[in-house]
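J.: Mind having a look at this structure? Questions to follow.
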Amino acid sequence: MSRPRTVLLGQFLDENAAAIAEKLEAAGIGHWVKRSGSVVRLLSAADWGTRIFVDADRLEEAKRIAATVTDG
């Protein structure tokens with residue numbers, strides 16, 4: 001079985017990322033989370049939050065779900 005192609009949904013505050021991941025799971029959207037360690041975050045301003053990657057075929061749906069957390 002082949003793995004789905006994933007794309008970056010975005011980089012979010014850790015608290016928001018946890019809430020988004022929970023909602024993605026509930027919606028059955030394949031996803032994975034990349035959270036850098038504290039040393040990397042200290043040394044790189046680009047690693048300020050958690051990145052979420054989602055199944056490319058469901059990106060638009062995932063964006064709408066993320067907006068319910070980040071806009072609200």
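Going through the structure tokens in order, the chains are called A, B, and so on, while each chain numbers its residues from 1 and the ligands are numbered from 1 in the order shown.
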DSSP on the backbone, alpha helix (DSSP H) only: what residues of chain A does that give? Format it as a ChimeraX atom specification.

T.: /A:14-27,38-43,59-70

J.: Can you tell me which residues surround range 63-68 of chain A at a distance of at most 9 Å, considering only C-alpha atoms, apart from same-chain residues fewer than 5 positions away, and format the answer as a PyMOL selection string?

T.: chain A and resi 9-10+16-17+19-21+23-24+27+58

J.: Between A:Ala62, A:Ile52, A:Val69, A:Ile29, which has the minimum distance to Pro4 in chain A (counting only C-alpha atoms)?

T.: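 Counting only C-alpha atoms, the residue closest to Pro4 in chain A is A:Ile29.
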